[in-house]
file target.cif (mmCIF, C-alpha atoms and all ligand atoms)
data_data
#
loop_
_atom_site.label_atom_id
_atom_site.label_comp_id
_atom_site.auth_asym_id
_atom_site.auth_seq_id
_atom_site.Cartn_x
_atom_site.Cartn_y
_atom_site.Cartn_z
CA MET A 1 79.55 43.86 103.40
CA LYS A 2 77.63 45.39 100.49
CA GLY A 3 79.15 43.11 97.86
CA LEU A 4 81.79 40.39 98.04
CA LEU A 5 83.98 39.31 95.10
CA VAL A 6 85.53 35.86 95.37
CA THR A 7 88.05 35.08 92.63
CA GLY A 8 88.69 31.41 91.90
CA GLY A 9 85.49 30.51 93.75
CA ALA A 10 84.91 27.41 91.60
CA GLY A 11 88.25 25.93 92.69
CA PHE A 12 88.98 23.70 95.66
CA ILE A 13 89.35 26.12 98.59
CA GLY A 14 87.39 28.94 96.93
CA SER A 15 84.29 26.77 96.56
CA HIS A 16 84.38 25.80 100.25
CA PHE A 17 84.65 29.48 101.13
CA VAL A 18 81.76 30.43 98.82
CA ARG A 19 79.53 27.73 100.34
CA ARG A 20 80.43 28.92 103.83
CA MET A 21 79.73 32.59 103.07
CA SER A 22 76.47 31.85 101.25
CA ARG A 23 75.31 29.83 104.28
CA ARG A 24 76.42 32.34 106.90
CA HIS A 25 75.72 35.61 105.04
CA PRO A 26 72.77 34.80 102.77
CA ASP A 27 71.91 38.50 102.34
CA THR A 28 75.35 39.55 101.08
CA PRO A 29 75.55 39.51 97.26
CA LEU A 30 78.52 37.33 96.33
CA VAL A 31 80.13 37.43 92.87
CA VAL A 32 82.46 34.60 91.88
CA LEU A 33 84.93 35.49 89.12
CA ASP A 34 86.46 32.32 87.74
CA LYS A 35 88.05 31.43 84.41
CA LEU A 36 86.93 27.82 84.86
CA THR A 37 90.30 26.25 84.12
CA TYR A 38 90.80 22.48 84.35
CA ALA A 39 90.95 22.90 88.18
CA ALA A 40 87.46 24.38 88.48
CA ASP A 41 84.07 22.76 88.73
CA PRO A 42 81.09 25.13 88.76
CA ALA A 43 78.91 22.32 90.16
CA ARG A 44 80.68 22.88 93.51
CA ILE A 45 78.85 26.22 93.87
CA GLN A 46 75.76 25.69 91.77
CA GLY A 47 72.42 26.90 93.11
CA LEU A 48 73.80 28.67 96.19
CA GLN A 49 71.75 31.53 97.57
CA GLY A 50 73.02 35.00 96.61
CA VAL A 51 75.90 33.67 94.50
CA GLU A 52 76.50 34.87 90.93
CA LEU A 53 79.14 33.12 88.81
CA VAL A 54 80.91 35.32 86.25
CA THR A 55 83.09 33.28 83.91
CA GLY A 56 86.17 35.32 83.07
CA ASP A 57 89.86 35.98 83.58
CA ILE A 58 91.24 38.04 86.47
CA CYS A 59 93.80 39.40 83.96
CA ASP A 60 90.96 41.04 81.98
CA ALA A 61 91.18 44.61 83.31
CA ALA A 62 88.02 45.76 81.51
CA LEU A 63 85.93 42.93 82.98
CA VAL A 64 87.35 43.34 86.49
CA GLY A 65 86.84 47.12 86.36
CA ALA A 66 83.25 46.67 85.20
CA LEU A 67 82.53 44.30 88.10
CA PHE A 68 83.79 46.85 90.64
CA ALA A 69 81.73 49.58 88.96
CA SER A 70 78.50 47.63 88.65
CA ARG A 71 78.30 45.34 91.70
CA GLY A 72 79.02 47.68 94.61
CA LEU A 73 81.92 45.53 95.79
CA ASP A 74 83.48 46.41 99.13
CA ALA A 75 85.26 43.13 99.85
CA VAL A 76 87.51 40.88 97.76
CA VAL A 77 88.81 37.45 98.67
CA HIS A 78 91.36 36.51 96.05
CA PHE A 79 91.91 32.77 95.56
CA ALA A 80 92.27 32.58 91.76
CA ALA A 81 95.63 31.08 90.88
CA GLU A 82 97.44 28.36 89.06
CA SER A 83 98.14 26.19 92.06
CA HIS A 84 99.86 22.92 91.14
CA VAL A 85 103.63 22.92 91.77
CA ASP A 86 104.39 20.08 89.32
CA ARG A 87 102.59 21.97 86.53
CA SER A 88 104.57 25.12 87.37
CA ILE A 89 107.78 23.18 86.71
CA ASP A 90 106.54 21.89 83.33
CA GLY A 91 105.00 25.21 82.20
CA PRO A 92 105.58 28.29 84.39
CA GLU A 93 104.10 30.89 82.03
CA ALA A 94 100.45 30.53 83.09
CA PHE A 95 101.59 30.91 86.71
CA ILE A 96 103.25 34.24 86.02
CA GLN A 97 100.26 35.44 84.04
CA THR A 98 97.49 34.52 86.49
CA ASN A 99 99.27 34.71 89.82
CA LEU A 100 101.27 37.86 89.17
CA VAL A 101 99.54 39.83 86.39
CA GLY A 102 96.09 38.73 87.57
CA THR A 103 96.75 39.86 91.14
CA PHE A 104 98.07 43.19 89.86
CA THR A 105 94.92 43.64 87.75
CA LEU A 106 92.68 43.08 90.77
CA LEU A 107 94.69 45.35 93.07
CA GLU A 108 94.67 48.10 90.48
CA ALA A 109 90.91 47.80 89.95
CA ALA A 110 90.33 47.93 93.72
CA ARG A 111 92.56 50.99 94.08
CA ARG A 112 90.68 52.82 91.34
CA ALA A 113 87.28 51.87 92.72
CA TRP A 114 87.97 52.43 96.43
CA GLY A 115 90.75 55.01 96.82
CA SER A 116 92.55 54.97 100.19
CA GLU A 117 89.83 56.30 102.52
CA THR A 118 87.68 53.22 102.63
CA SER A 119 86.35 50.58 104.98
CA ALA A 120 86.59 48.00 102.18
CA ARG A 121 88.79 44.89 102.46
CA PHE A 122 91.06 43.07 99.99
CA LEU A 123 92.12 39.65 101.27
CA HIS A 124 94.94 38.06 99.28
CA VAL A 125 95.08 34.29 99.88
CA SER A 126 98.62 32.93 99.74
CA THR A 127 100.79 30.03 100.80
CA ASP A 128 103.52 29.18 103.31
CA GLU A 129 105.57 27.93 100.35
CA VAL A 130 106.80 31.52 99.85
CA TYR A 131 109.11 31.00 102.84
CA GLY A 132 110.85 28.06 101.15
CA SER A 133 112.27 24.98 102.82
CA LEU A 134 113.06 25.24 106.56
CA GLU A 135 115.66 23.10 108.30
CA GLN A 136 114.13 23.78 111.72
CA GLY A 137 111.63 26.01 113.52
CA GLU A 138 108.59 27.70 112.03
CA ALA A 139 108.23 30.52 109.51
CA ARG A 140 106.59 33.65 110.93
CA GLU A 141 104.96 36.70 109.47
CA GLY A 142 107.75 39.08 108.38
CA ASP A 143 110.38 36.39 107.78
CA PRO A 144 112.33 36.74 104.52
CA TYR A 145 110.92 34.95 101.51
CA ALA A 146 112.82 32.15 99.74
CA PRO A 147 110.48 30.62 97.14
CA ASN A 148 111.95 27.68 95.24
CA SER A 149 109.39 26.70 92.57
CA PRO A 150 107.88 28.85 89.82
CA TYR A 151 104.55 28.43 91.69
CA SER A 152 105.84 29.73 95.02
CA ALA A 153 107.87 32.47 93.29
CA SER A 154 104.75 33.70 91.51
CA LYS A 155 102.80 33.69 94.80
CA ALA A 156 105.67 35.51 96.53
CA GLY A 157 105.61 38.17 93.81
CA SER A 158 101.86 38.60 94.21
CA ASP A 159 102.29 38.98 98.00
CA HIS A 160 104.83 41.75 97.42
CA LEU A 161 102.44 43.54 95.07
CA ALA A 162 99.63 43.28 97.64
CA ARG A 163 101.90 44.67 100.35
CA ALA A 164 103.11 47.48 98.08
CA TYR A 165 99.53 48.52 97.31
CA HIS A 166 98.91 48.87 101.02
CA ILE A 167 102.10 50.81 101.73
CA THR A 168 102.02 53.00 98.60
CA TYR A 169 98.32 53.61 98.10
CA GLY A 170 96.81 52.78 101.49
CA LEU A 171 94.70 50.01 99.98
CA PRO A 172 93.26 47.94 102.87
CA VAL A 173 95.02 44.71 101.97
CA LEU A 174 95.28 41.65 104.22
CA VAL A 175 97.50 38.69 103.33
CA THR A 176 97.17 35.13 104.62
CA HIS A 177 99.65 32.28 104.29
CA CYS A 178 98.27 28.82 104.75
CA THR A 179 99.89 25.40 104.85
CA ASN A 180 98.76 22.47 102.67
CA ASN A 181 94.99 22.02 102.57
CA TYR A 182 93.07 18.78 102.22
CA GLY A 183 89.40 17.87 102.10
CA PRO A 184 86.50 17.17 99.73
CA PHE A 185 86.42 18.65 96.19
CA GLN A 186 90.18 18.88 95.64
CA HIS A 187 91.30 18.25 92.07
CA PRO A 188 92.31 14.59 91.58
CA GLU A 189 95.84 15.58 90.47
CA LYS A 190 96.72 16.58 94.07
CA LEU A 191 98.44 14.15 96.44
CA ILE A 192 95.58 13.09 98.74
CA PRO A 193 92.77 12.58 96.16
CA LEU A 194 95.25 10.92 93.80
CA ALA A 195 96.43 8.56 96.55
CA ILE A 196 92.85 7.69 97.59
CA HIS A 197 91.94 6.90 93.99
CA ARG A 198 95.02 4.70 93.51
CA MET A 199 94.49 2.90 96.83
CA VAL A 200 90.85 2.16 96.02
CA GLN A 201 91.89 0.82 92.60
CA GLU A 202 94.81 -1.06 94.22
CA GLU A 203 97.25 0.78 91.92
CA ALA A 204 100.70 2.23 92.66
CA VAL A 205 100.74 5.32 94.90
CA PRO A 206 103.88 7.28 93.94
CA ILE A 207 105.96 8.74 96.78
CA TYR A 208 108.64 11.24 95.80
CA GLY A 209 112.20 10.54 97.02
CA ASP A 210 112.42 8.98 100.49
CA GLY A 211 108.93 10.15 101.54
CA LEU A 212 110.36 12.21 104.39
CA ASN A 213 109.45 15.65 103.05
CA THR A 214 107.40 17.31 105.79
CA ARG A 215 104.18 19.29 105.49
CA ASP A 216 101.59 20.64 107.95
CA TRP A 217 98.11 19.65 106.65
CA LEU A 218 95.03 21.71 107.49
CA PHE A 219 91.43 20.69 106.81
CA VAL A 220 90.02 23.05 104.17
CA GLU A 221 87.00 24.13 106.27
CA ASP A 222 89.31 25.28 109.07
CA HIS A 223 91.22 27.37 106.53
CA CYS A 224 87.95 28.95 105.34
CA ALA A 225 86.88 29.77 108.90
CA ALA A 226 90.22 31.53 109.39
CA LEU A 227 89.76 33.50 106.18
CA GLU A 228 86.32 34.69 107.22
CA MET A 229 87.78 35.83 110.54
CA VAL A 230 90.66 37.70 108.87
CA LEU A 231 88.24 39.32 106.44
CA SER A 232 85.95 40.59 109.19
CA LYS A 233 88.38 41.26 112.07
CA GLY A 234 91.90 41.36 110.59
CA ARG A 235 94.07 44.45 110.62
CA PRO A 236 94.60 45.97 107.14
CA GLY A 237 98.26 45.76 106.19
CA ALA A 238 98.80 42.67 108.36
CA THR A 239 99.81 39.17 107.32
CA TYR A 240 98.42 36.09 109.12
CA GLY A 241 99.86 32.56 109.13
CA ILE A 242 97.27 29.77 109.14
CA SER A 243 98.40 26.29 110.18
CA GLN A 244 97.38 23.20 112.10
CA GLY A 245 100.75 23.26 113.87
CA ALA A 246 101.47 19.55 113.40
CA GLY A 247 103.95 18.73 110.65
CA GLN A 248 104.31 15.21 109.36
CA THR A 249 106.21 13.44 106.62
CA ASN A 250 104.53 12.52 103.35
CA LEU A 251 105.08 8.89 104.28
CA ALA A 252 103.32 9.28 107.66
CA LEU A 253 100.46 11.11 105.93
CA LEU A 254 100.04 8.34 103.36
CA GLU A 255 100.21 5.64 106.04
CA ALA A 256 97.42 7.36 108.00
CA LEU A 257 95.40 7.79 104.81
CA ALA A 258 95.90 4.15 103.80
CA ASP A 259 94.66 3.01 107.20
CA VAL A 260 91.52 5.15 106.89
CA VAL A 261 90.87 3.79 103.38
CA ASP A 262 91.21 0.23 104.72
CA GLN A 263 88.81 0.97 107.60
CA VAL A 264 86.19 2.63 105.39
CA LEU A 265 86.39 -0.18 102.79
CA ASN A 266 86.54 -2.91 105.45
CA ARG A 267 89.80 -4.22 104.07
CA PRO A 268 92.39 -6.06 106.16
CA ALA A 269 94.71 -3.60 107.92
CA GLY A 270 97.81 -2.83 105.85
CA SER A 271 96.23 -3.60 102.44
CA SER A 272 96.47 -0.09 101.00
CA ARG A 273 100.03 0.46 102.24
CA ARG A 274 101.10 -2.21 99.77
CA CYS A 275 100.40 0.31 96.95
CA PHE A 276 103.25 2.60 98.03
CA THR A 277 105.90 3.02 95.31
CA PHE A 278 108.91 5.26 95.78
CA VAL A 279 109.75 7.33 92.67
CA ARG A 280 112.53 9.77 91.75
CA ASP A 281 112.23 13.07 93.63
CA ARG A 282 110.95 16.09 91.74
CA PRO A 283 113.37 18.99 91.08
CA GLY A 284 113.43 21.70 93.74
CA HIS A 285 111.26 19.61 96.11
CA ASP A 286 111.21 21.58 99.37
CA ARG A 287 112.17 19.34 102.28
CA ARG A 288 110.18 20.88 105.07
CA TYR A 289 107.54 23.55 105.59
CA ALA A 290 106.39 24.72 109.02
CA LEU A 291 104.40 27.83 109.83
CA ASN A 292 103.53 29.65 113.03
CA SER A 293 99.89 30.76 113.46
CA GLU A 294 100.05 32.41 116.92
CA ARG A 295 99.04 35.85 115.61
CA LEU A 296 95.80 34.48 114.18
CA ARG A 297 95.10 32.41 117.31
CA GLN A 298 95.88 35.16 119.82
CA ASP A 299 94.65 38.29 118.05
CA LEU A 300 91.58 36.86 116.33
CA GLY A 301 90.79 33.78 118.44
CA TRP A 302 90.99 31.20 115.64
CA GLN A 303 91.78 27.56 116.18
CA PRO A 304 91.34 24.52 113.95
CA GLU A 305 88.34 22.37 114.83
CA THR A 306 88.87 19.27 112.71
CA SER A 307 91.24 16.59 113.94
CA PHE A 308 93.47 14.97 111.35
CA GLN A 309 91.71 11.60 111.72
CA GLU A 310 88.27 13.18 111.35
CA GLY A 311 89.38 15.28 108.34
CA LEU A 312 90.90 12.26 106.61
CA ARG A 313 87.77 10.18 107.21
CA ARG A 314 85.51 12.89 105.76
CA THR A 315 87.84 13.27 102.78
CA VAL A 316 87.99 9.54 102.05
CA GLU A 317 84.19 9.20 102.37
CA HIS A 318 83.73 12.11 99.95
CA TYR A 319 85.90 10.56 97.24
CA LEU A 320 84.36 7.14 97.73
CA SER A 321 80.88 8.63 97.34
CA LEU A 322 81.99 10.18 94.02
CA ALA A 323 83.41 6.86 92.86
CA ALA A 324 80.08 5.20 93.66
CA LEU A 325 78.12 7.60 91.40
N1 LIG B 1 95.62 24.05 98.01
C1 LIG B 1 96.42 24.39 99.02
O1 LIG B 1 96.88 23.53 99.76
C2 LIG B 1 96.73 25.85 99.27
C3 LIG B 1 97.43 26.19 100.45
C4 LIG B 1 97.69 27.54 100.70
C5 LIG B 1 97.27 28.51 99.81
N2 LIG B 1 96.62 28.14 98.66
C6 LIG B 1 96.18 29.21 97.75
O2 LIG B 1 94.77 29.20 97.77
C7 LIG B 1 94.26 29.58 96.49
C8 LIG B 1 93.30 28.53 95.99
O3 LIG B 1 93.97 27.26 95.91
P1 LIG B 1 93.18 25.97 95.41
O4 LIG B 1 93.95 24.79 95.84
O5 LIG B 1 91.75 26.08 95.73
O6 LIG B 1 93.37 26.13 93.82
P2 LIG B 1 92.58 25.44 92.63
O7 LIG B 1 93.61 25.20 91.57
O8 LIG B 1 91.74 24.31 93.09
O9 LIG B 1 91.56 26.58 92.15
C9 LIG B 1 91.99 27.73 91.49
C10 LIG B 1 90.77 28.40 90.87
O10 LIG B 1 91.20 29.60 90.21
C11 LIG B 1 90.62 29.66 88.92
N3 LIG B 1 91.51 30.43 88.04
C12 LIG B 1 92.75 30.08 87.61
N4 LIG B 1 93.24 31.03 86.79
C13 LIG B 1 92.30 32.01 86.73
C14 LIG B 1 92.24 33.26 86.07
N5 LIG B 1 93.24 33.70 85.30
N6 LIG B 1 91.13 34.02 86.21
C15 LIG B 1 90.10 33.58 86.99
N7 LIG B 1 90.10 32.40 87.63
C16 LIG B 1 91.20 31.62 87.50
C17 LIG B 1 90.49 28.22 88.49
O11 LIG B 1 89.53 28.07 87.44
C18 LIG B 1 90.09 27.54 89.79
O12 LIG B 1 88.69 27.58 89.97
C19 LIG B 1 95.48 29.77 95.58
O13 LIG B 1 95.76 31.16 95.51
C20 LIG B 1 96.58 29.04 96.30
O14 LIG B 1 97.84 29.62 96.04
C21 LIG B 1 96.34 26.84 98.37
#

call {"tool": "encode", "arguments": {"input": "target.cif", "output": "structure tokens"}}
result
Amino acid sequence: MKGLLVTGGAGFIGSHFVRRMSRRHPDTPLVVLDKLTYAADPARIQGLQGVELVTGDICDAALVGALFASRGLDAVVHFAAESHVDRSIDGPEAFIQTNLVGTFTLLEAARRAWGSETSARFLHVSTDEVYGSLEQGEAREGDPYAPNSPYSASKAGSDHLARAYHITYGLPVLVTHCTNNYGPFQHPEKLIPLAIHRMVQEEAVPIYGDGLNTRDWLFVEDHCAALEMVLSKGRPGATYGISQGAGQTNLALLEALADVVDQVLNRPAGSSRRCFTFVRDRPGHDRRYALNSERLRQDLGWQPETSFQEGLRRTVEHYLSLAAL
């Protein structure tokens, strides 16, 4: 790679990816383009070798075009997005703007800079939520989309644009869908950091509905390893599912998390589970997500390396170390 652009690199997953690439490819110039919304924290990527942070909006065509022209970019990993489903229900407009218009702006800039005869790579990072709620089985690459929230609809739209730029213009686009991520540096509004905070404070941990909505949680560093693999070895035009392959209910997740919090804090077993409080379900709450990742495992040789117990322990220790500051 001559130059790598990472959008949203000051966010949760983006910052893990930037740290990984800076460590593993210290000689590749890496530009982070991030608007620094409430979800960002530039401290997550401060002082990393070869990393330049440009504060700006992916919807700003002049800025994005200037970055392509001036930085010799031949790879893009596109994380920047509004990412919180609850916020997309309260105020969908920012989701349409960033996730849809912003992705279009980047694709268009890449097309103008690269043309179709290129060895460059544009990796569009997306979510399994585009497939909607599944009663049984696993979603696979190529299945029909059925997004149910403004967030997942905006991501679905951006996926379609990415695909269309490959088919229409030959842009070397790769798309990944990943299941729910967890790990250090996630914004405290998200389920796991919020629950850890509440458990530590011995406050109510809200659980939507009956707690039986099912998700497949992947440790964020395993997601980033998969993304690096897709970027370097993936087939342009292809989509790759990324998942742990072990769905569990929100209640089971919170029980496991509560037990880890009790162990790390040396509390009597069962203490943190007493914080659980069932609250009214949110509108359009998808019941179950499940995603197949055989293509990534078989074609590219990826597999997750962090067990759920180990990932939870590292996550809890991270948030406790922040609380101790
Ligand atoms: N978190 C998950 O579980 C998960 C799972 C699968 C896929 N994804 C996808 O991965 C990507 C990153 O998710 P995350 O959880 O790290 O999100 P995040 O909300 O933590 O970070 C998003 C980053 O994008 C930046 N950003 C937002 N709008 C921008 C704009 N207009 N211009 C430039 N930067 C902007 C923010 O400042 C922030 O740094 C998203 O595209 C998301 O859809 C997330």

call {"tool": "residues_around", "arguments": {"input": "target.cif", "residues": "A:Ser133", "least_positions_apart": "5", "cutoff": "7 Å", "atoms": "all atoms listed in the file", "output": "ChimeraX atom specification"}}
result
/A:286-289

call {"tool": "residues_near_ligand", "arguments": {"input": "target.cif", "ligand": "ligand LIG 1 (chain B)", "cutoff": "6 Å", "atoms": "only C-alpha atoms and all ligand atoms", "output": "PDB file with C-alpha atoms, in the frame of the given file"}}
result
ATOM      1  CA  GLY A   8      88.690  31.410  91.900  1.00  0.00           C
ATOM      2  CA  GLY A   9      85.490  30.510  93.750  1.00  0.00           C
ATOM      3  CA  ALA A  10      84.910  27.410  91.600  1.00  0.00           C
ATOM      4  CA  GLY A  11      88.250  25.930  92.690  1.00  0.00           C
ATOM      5  CA  PHE A  12      88.980  23.700  95.660  1.00  0.00           C
ATOM      6  CA  ILE A  13      89.350  26.120  98.590  1.00  0.00           C
ATOM      7  CA  GLY A  14      87.390  28.940  96.930  1.00  0.00           C
ATOM      8  CA  LEU A  33      84.930  35.490  89.120  1.00  0.00           C
ATOM      9  CA  ASP A  34      86.460  32.320  87.740  1.00  0.00           C
ATOM     10  CA  LYS A  35      88.050  31.430  84.410  1.00  0.00           C
ATOM     11  CA  LEU A  36      86.930  27.820  84.860  1.00  0.00           C
ATOM     12  CA  THR A  37      90.300  26.250  84.120  1.00  0.00           C
ATOM     13  CA  ALA A  39      90.950  22.900  88.180  1.00  0.00           C
ATOM     14  CA  ALA A  40      87.460  24.380  88.480  1.00  0.00           C
ATOM     15  CA  GLY A  56      86.170  35.320  83.070  1.00  0.00           C
ATOM     16  CA  ASP A  57      89.860  35.980  83.580  1.00  0.00           C
ATOM     17  CA  ILE A  58      91.240  38.040  86.470  1.00  0.00           C
ATOM     18  CA  CYS A  59      93.800  39.400  83.960  1.00  0.00           C
ATOM     19  CA  PHE A  79      91.910  32.770  95.560  1.00  0.00           C
ATOM     20  CA  ALA A  80      92.270  32.580  91.760  1.00  0.00           C
ATOM     21  CA  ALA A  81      95.630  31.080  90.880  1.00  0.00           C
ATOM     22  CA  GLU A  82      97.440  28.360  89.060  1.00  0.00           C
ATOM     23  CA  SER A  83      98.140  26.190  92.060  1.00  0.00           C
ATOM     24  CA  THR A  98      97.490  34.520  86.490  1.00  0.00           C
ATOM     25  CA  VAL A 125      95.080  34.290  99.880  1.00  0.00           C
ATOM     26  CA  SER A 126      98.620  32.930  99.740  1.00  0.00           C
ATOM     27  CA  THR A 127     100.790  30.030 100.800  1.00  0.00           C
ATOM     28  CA  CYS A 178      98.270  28.820 104.750  1.00  0.00           C
ATOM     29  CA  THR A 179      99.890  25.400 104.850  1.00  0.00           C
ATOM     30  CA  ASN A 180      98.760  22.470 102.670  1.00  0.00           C
ATOM     31  CA  ASN A 181      94.990  22.020 102.570  1.00  0.00           C
TER      32      ASN A 181
END

call {"tool": "atom_distance", "arguments": {"input": "target.cif", "atom1": "atom CA of A:Val101", "atom2": "atom CA of A:Asp216"}}
result
28.9 Å

call {"tool": "closest_residue", "arguments": {"input": "target.cif", "among": "A:Asp86, A:Pro29, A:Val173, A:Thr7", "to": "A:Gly102", "atoms": "all atoms listed in the file"}}
result
A:Thr7

call {"tool": "residues_around", "arguments": {"input": "target.cif", "residues": "stretch 228-245 of chain A", "least_positions_apart": "5", "cutoff": "6 Å", "atoms": "all atoms listed in the file", "output": "PyMOL selection string"}}
result
chain A and resi 172-179+218+293+296

call {"tool": "residues_around", "arguments": {"input": "target.cif", "residues": "A:Ala195", "least_positions_apart": "4", "cutoff": "7 Å", "atoms": "only C-alpha atoms", "output": "short mmCIF file (atom, residue, chain, number, x, y, z; two decimals) with C-alpha atoms, keeping the file's coordinate frame"}}
result
data_model
loop_
_atom_site.label_atom_id
_atom_site.label_comp_id
_atom_site.auth_asym_id
_atom_site.auth_seq_id
_atom_site.Cartn_x
_atom_site.Cartn_y
_atom_site.Cartn_z
CA LEU A 191 98.44 14.15 96.44
CA MET A 199 94.49 2.90 96.83
CA VAL A 205 100.74 5.32 94.90
#

call {"tool": "closest_residue", "arguments": {"input": "target.cif", "among": "A:Thr103, A:Gln263, A:Thr214, A:Thr306", "to": "A:Gly183", "atoms": "only C-alpha atoms"}}
result
A:Thr306

call {"tool": "residues_around", "arguments": {"input": "target.cif", "residues": "A:Phe95", "least_positions_apart": "5", "cutoff": "10 Å", "atoms": "all atoms listed in the file", "output": "PyMOL selection string"}}
result
chain A and resi 81-85+87-89+100-102+150-155

call {"tool": "atom_distance", "arguments": {"input": "target.cif", "atom1": "atom CA of A:Pro144", "atom2": "atom CA of A:Leu161"}}
result
15.3 Å

call {"tool": "closest_residue", "arguments": {"input": "target.cif", "among": "A:Leu73, A:Ala109, A:Ile196, A:Ala139", "to": "A:Asp262", "atoms": "all atoms listed in the file"}}
result
A:Ile196

call {"tool": "residues_around", "arguments": {"input": "target.cif", "residues": "A:Leu254", "least_positions_apart": "3", "cutoff": "10 Å", "atoms": "all atoms listed in the file", "output": "PyMOL selection string"}}
result
chain A and resi 191-192+195-196+205+207+211+249-251+257-260+272-273+276

call {"tool": "atom_distance", "arguments": {"input": "target.cif", "atom1": "atom CA of A:Lys2", "atom2": "atom CA of A:Ala43"}}
result
25.3 Å

call {"tool": "closest_residue", "arguments": {"input": "target.cif", "among": "A:Leu53, A:Met1, A:Met21, A:Val316", "to": "A:Gly72", "atoms": "all atoms listed in the file"}}
result
A:Met1

call {"tool": "residues_near_point", "arguments": {"input": "target.cif", "point": "(85.2, 17.6, 98.1)", "cutoff": "7 Å", "atoms": "only C-alpha atoms", "output": "list of chain:residue names"}}
result
A:Gly183, A:Pro184, A:Phe185, A:Gln186, A:Thr315, A:His318

call {"tool": "write_last_selection", "arguments": {"input": "target.cif", "atoms": "C-alpha atoms", "output": "PDB file, in the coordinates of the input"}}
result
ATOM      1  CA  GLY A 183      89.400  17.870 102.100  1.00  0.00           C
ATOM      2  CA  PRO A 184      86.500  17.170  99.730  1.00  0.00           C
ATOM      3  CA  PHE A 185      86.420  18.650  96.190  1.00  0.00           C
ATOM      4  CA  GLN A 186      90.180  18.880  95.640  1.00  0.00           C
ATOM      5  CA  THR A 315      87.840  13.270 102.780  1.00  0.00           C
ATOM      6  CA  HIS A 318      83.730  12.110  99.950  1.00  0.00           C
TER       7      HIS A 318
END

call {"tool": "residues_near_point", "arguments": {"input": "target.cif", "point": "(76.9, 36.3, 94.8)", "cutoff": "10 Å", "atoms": "only C-alpha atoms", "output": "JSON, numbers by chain"}}
result
{"A": [3, 4, 5, 6, 18, 21, 22, 26, 27, 28, 29, 30, 31, 32, 33, 48, 49, 50, 51, 52, 53, 54, 71]}

call {"tool": "closest_residue", "arguments": {"input": "target.cif", "among": "A:Ala290, A:Asn213, A:Leu63, A:Tyr145", "to": "A:Leu253", "atoms": "all atoms listed in the file"}}
result
A:Asn213
